[in-house]
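Q: Pasting work04.cif below, which is mmCIF, C-alpha atoms.
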data_model
loop_
_atom_site.label_atom_id
_atom_site.label_comp_id
_atom_site.auth_asym_id
_atom_site.auth_seq_id
_atom_site.Cartn_x
_atom_site.Cartn_y
_atom_site.Cartn_z
CA LEU A 264 0.00 0.00 0.00
CA GLU A 265 2.79 2.40 0.84
CA ASN A 266 4.40 1.77 -2.56
CA ALA A 267 1.05 2.71 -4.14
CA GLY A 268 0.89 6.03 -2.33
CA PHE A 269 -1.10 5.06 0.77
CA GLU A 270 -0.31 5.68 4.41
CA VAL A 271 -1.11 2.67 6.60
CA ILE A 272 -2.89 3.94 9.70
CA GLN A 273 -3.73 0.63 11.31
CA SER A 274 -3.31 -3.06 10.46
CA HIS A 275 -4.25 -6.27 12.24
CA LYS A 276 -4.79 -9.96 11.54
CA THR A 277 -8.16 -11.61 12.09
CA ALA A 278 -8.70 -15.10 13.47
CA ASN A 279 -5.03 -15.45 14.39
CA ASN A 280 -5.67 -18.48 16.55
CA LEU A 281 -6.88 -22.05 16.26
CA SER A 282 -10.35 -20.89 15.17
CA VAL A 283 -9.05 -20.40 11.61
CA LEU A 284 -8.75 -24.18 11.22
CA PHE A 285 -12.35 -24.62 12.31
CA GLN A 286 -13.48 -21.95 9.85
CA LEU A 287 -11.70 -23.81 7.07
CA ALA A 288 -13.38 -27.05 8.19
CA ASN A 289 -16.76 -25.32 8.01
CA ASP A 290 -15.99 -24.09 4.50
CA TYR A 291 -15.16 -27.64 3.48
CA LEU A 292 -18.35 -29.00 5.07
CA PHE A 293 -20.43 -26.33 3.37
CA LYS A 294 -19.07 -27.20 -0.07
CA ILE A 295 -19.53 -30.96 0.19
CA ILE A 296 -22.79 -31.47 2.07
CA PHE A 297 -25.06 -28.51 1.42
CA THR A 298 -27.94 -28.89 -1.00
CA ARG A 299 -30.31 -26.62 -2.91
CA GLN A 300 -32.94 -27.14 -0.21
CA PRO A 301 -32.90 -24.24 2.31
CA ILE A 302 -34.57 -26.21 5.13
CA ILE A 303 -32.14 -29.10 4.81
CA ASN A 304 -29.23 -26.63 4.71
CA LEU A 305 -30.44 -25.02 7.92
CA LEU A 306 -30.63 -28.39 9.65
CA LEU A 307 -27.18 -29.37 8.38
CA ALA A 308 -25.77 -26.05 9.57
CA LEU A 309 -27.24 -26.58 13.04
CA LEU A 310 -26.10 -30.18 13.27
CA LEU A 311 -22.64 -29.91 11.69
CA CYS A 312 -21.39 -26.35 11.24
CA PHE A 313 -22.59 -24.90 14.53
CA PRO A 314 -20.68 -27.41 16.70
CA VAL A 315 -17.52 -26.92 14.63
CA THR A 316 -17.85 -23.14 14.95
CA LEU A 317 -18.47 -23.34 18.68
CA ALA A 318 -15.45 -25.60 19.19
CA GLY A 319 -13.29 -23.16 17.20
CA ILE A 320 -14.46 -20.21 19.27
CA VAL A 321 -13.84 -21.96 22.57
CA LEU A 322 -10.44 -23.38 21.63
CA GLY A 323 -9.41 -20.12 19.98
CA TRP A 324 -10.22 -18.34 23.23
CA LEU A 325 -8.42 -20.87 25.44
CA LEU A 326 -5.24 -21.36 23.42
CA PRO A 327 -2.66 -18.67 22.60
CA ASP A 328 -2.76 -16.63 19.41
CA ASN A 329 -0.45 -17.47 16.52
CA ASN A 330 0.33 -14.61 14.14
CA ASP A 331 1.74 -17.06 11.58
CA LEU A 332 -1.70 -18.66 11.11
CA TYR A 333 -4.52 -16.21 10.44
CA LEU A 334 -7.52 -15.71 8.19
CA ASP A 335 -7.38 -12.13 6.93
CA ASN A 336 -5.63 -8.81 7.21
CA VAL A 337 -7.66 -5.71 8.01
CA VAL A 338 -5.94 -2.51 6.96
CA LEU A 339 -7.02 1.09 7.45
CA ALA A 340 -5.14 3.36 5.08
CA ARG A 341 -5.47 6.76 3.49
CA LYS A 342 -4.31 8.03 0.14
CA VAL A 343 -1.42 10.45 0.53
CA GLN A 344 -2.06 13.67 -1.36
CA LYS A 345 0.79 14.72 -3.60
CA ARG A 346 1.77 18.35 -3.21
CA GLY A 347 2.82 20.37 -6.11
#
Rewrite the structure of this file - the entire thing - as structure tokens.
A:
Amino acid sequence: LENAGFEVIQSHKTANNLSVLFQLANDYLFKIIFTRQPIINLLLALLLCFPVTLAGIVLGWLLPDNNDLYLDNVVLARKVQKRG
């Protein structure tokens, strides 16, 4: 961003703990088991994805963060005005 003329004001990593693995597991589950039926999808989400998400939240809270394993970067930046 700085090379493109932006000033980075703030930057942080999201899901920089074990919860990222559980989010990836949910993505995998979603792609292989979900159907075109909304009611069935809701039931599958409650039975399969919710427990995985809950386990990820709890373990992510209990275990230490790891900045080498994270989901996304959130960056707040502003365009630097050129003078002249």
Q: Residues near segment 306-317 of chain A, anyone? I mean within 7 Å using only C-alpha atoms, not counting same-chain ones fewer than 6 positions away, as JSON, numbers by chain.
A: {"A": [285, 286, 289]}
Q: Closest to Leu322 of chain A among A:Val343, A:Leu287, A:Val337, A:Leu281, using all atoms listed in the file?
A: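 Checking each candidate against Leu322 of chain A, we get A:Leu281 as the closest.
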Q: I need the residue nearest Ala278 of chain A from this list: A:Tyr333, A:Leu325, A:Tyr291, A:Lys345. Use all atoms listed in the file for the distance.
A: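 Smallest separation from Ala278 of chain A among the options: A:Tyr333.
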Q: Quote the spacing between atom CA of Glu265 of chain A and atom CA of Asn336 of chain A in Å to one decimal place.
A: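 Distance reported for this atom pair: 15.4 Å.
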Q: I'd like the residues picked by the PyMOL selection byres ((chain A and resi 335) around 12) written out as a list in words, using the chain letters and numbers from the file.
A: Ser274, His275, Lys276, Thr277, Ala278, Asn279, Asn280, Val283, Gln286, Asn330, Asp331, Leu332, Tyr333, Leu334, Asn336, Val337 and Val338 of chain A
Q: Output as a PDB file, in the coordinates of the input: segment 299-315 of chain A, completed with N, CA and C atoms.
A:
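Listed below is the output, part26.pdb:
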ATOM      1  N   ARG A 299     -29.531 -27.769  -2.419  1.00  0.00           N
ATOM      2  CA  ARG A 299     -30.310 -26.620  -2.910  1.00  0.00           C
ATOM      3  C   ARG A 299     -31.588 -26.424  -2.095  1.00  0.00           C
ATOM      4  N   GLN A 300     -31.751 -27.204  -1.056  1.00  0.00           N
ATOM      5  CA  GLN A 300     -32.940 -27.140  -0.210  1.00  0.00           C
ATOM      6  C   GLN A 300     -32.637 -26.311   1.049  1.00  0.00           C
ATOM      7  N   PRO A 301     -33.225 -25.115   1.188  1.00  0.00           N
ATOM      8  CA  PRO A 301     -32.900 -24.240   2.310  1.00  0.00           C
ATOM      9  C   PRO A 301     -33.169 -24.858   3.685  1.00  0.00           C
ATOM     10  N   ILE A 302     -34.243 -25.600   3.832  1.00  0.00           N
ATOM     11  CA  ILE A 302     -34.570 -26.210   5.130  1.00  0.00           C
ATOM     12  C   ILE A 302     -33.525 -27.261   5.507  1.00  0.00           C
ATOM     13  N   ILE A 303     -33.157 -28.083   4.548  1.00  0.00           N
ATOM     14  CA  ILE A 303     -32.140 -29.100   4.810  1.00  0.00           C
ATOM     15  C   ILE A 303     -30.804 -28.433   5.145  1.00  0.00           C
ATOM     16  N   ASN A 304     -30.478 -27.352   4.438  1.00  0.00           N
ATOM     17  CA  ASN A 304     -29.230 -26.630   4.710  1.00  0.00           C
ATOM     18  C   ASN A 304     -29.216 -26.056   6.123  1.00  0.00           C
ATOM     19  N   LEU A 305     -30.351 -25.550   6.568  1.00  0.00           N
ATOM     20  CA  LEU A 305     -30.440 -25.020   7.920  1.00  0.00           C
ATOM     21  C   LEU A 305     -30.213 -26.124   8.951  1.00  0.00           C
ATOM     22  N   LEU A 306     -30.821 -27.262   8.733  1.00  0.00           N
ATOM     23  CA  LEU A 306     -30.630 -28.390   9.650  1.00  0.00           C
ATOM     24  C   LEU A 306     -29.177 -28.872   9.643  1.00  0.00           C
ATOM     25  N   LEU A 307     -28.581 -28.958   8.465  1.00  0.00           N
ATOM     26  CA  LEU A 307     -27.180 -29.370   8.380  1.00  0.00           C
ATOM     27  C   LEU A 307     -26.259 -28.360   9.071  1.00  0.00           C
ATOM     28  N   ALA A 308     -26.577 -27.082   8.917  1.00  0.00           N
ATOM     29  CA  ALA A 308     -25.770 -26.050   9.570  1.00  0.00           C
ATOM     30  C   ALA A 308     -25.872 -26.186  11.089  1.00  0.00           C
ATOM     31  N   LEU A 309     -27.062 -26.428  11.594  1.00  0.00           N
ATOM     32  CA  LEU A 309     -27.240 -26.580  13.040  1.00  0.00           C
ATOM     33  C   LEU A 309     -26.564 -27.833  13.566  1.00  0.00           C
ATOM     34  N   LEU A 310     -26.641 -28.911  12.811  1.00  0.00           N
ATOM     35  CA  LEU A 310     -26.100 -30.180  13.270  1.00  0.00           C
ATOM     36  C   LEU A 310     -24.591 -30.313  13.073  1.00  0.00           C
ATOM     37  N   LEU A 311     -24.054 -29.718  12.020  1.00  0.00           N
ATOM     38  CA  LEU A 311     -22.640 -29.910  11.690  1.00  0.00           C
ATOM     39  C   LEU A 311     -21.787 -28.652  11.843  1.00  0.00           C
ATOM     40  N   CYS A 312     -22.218 -27.562  11.243  1.00  0.00           N
ATOM     41  CA  CYS A 312     -21.390 -26.350  11.240  1.00  0.00           C
ATOM     42  C   CYS A 312     -21.391 -25.633  12.577  1.00  0.00           C
ATOM     43  N   PHE A 313     -22.531 -25.581  13.244  1.00  0.00           N
ATOM     44  CA  PHE A 313     -22.590 -24.900  14.530  1.00  0.00           C
ATOM     45  C   PHE A 313     -21.639 -25.514  15.556  1.00  0.00           C
ATOM     46  N   PRO A 314     -21.628 -26.843  15.728  1.00  0.00           N
ATOM     47  CA  PRO A 314     -20.680 -27.410  16.700  1.00  0.00           C
ATOM     48  C   PRO A 314     -19.217 -27.150  16.342  1.00  0.00           C
ATOM     49  N   VAL A 315     -18.897 -27.190  15.060  1.00  0.00           N
ATOM     50  CA  VAL A 315     -17.520 -26.920  14.630  1.00  0.00           C
ATOM     51  C   VAL A 315     -17.162 -25.470  14.943  1.00  0.00           C
TER      52      VAL A 315
END
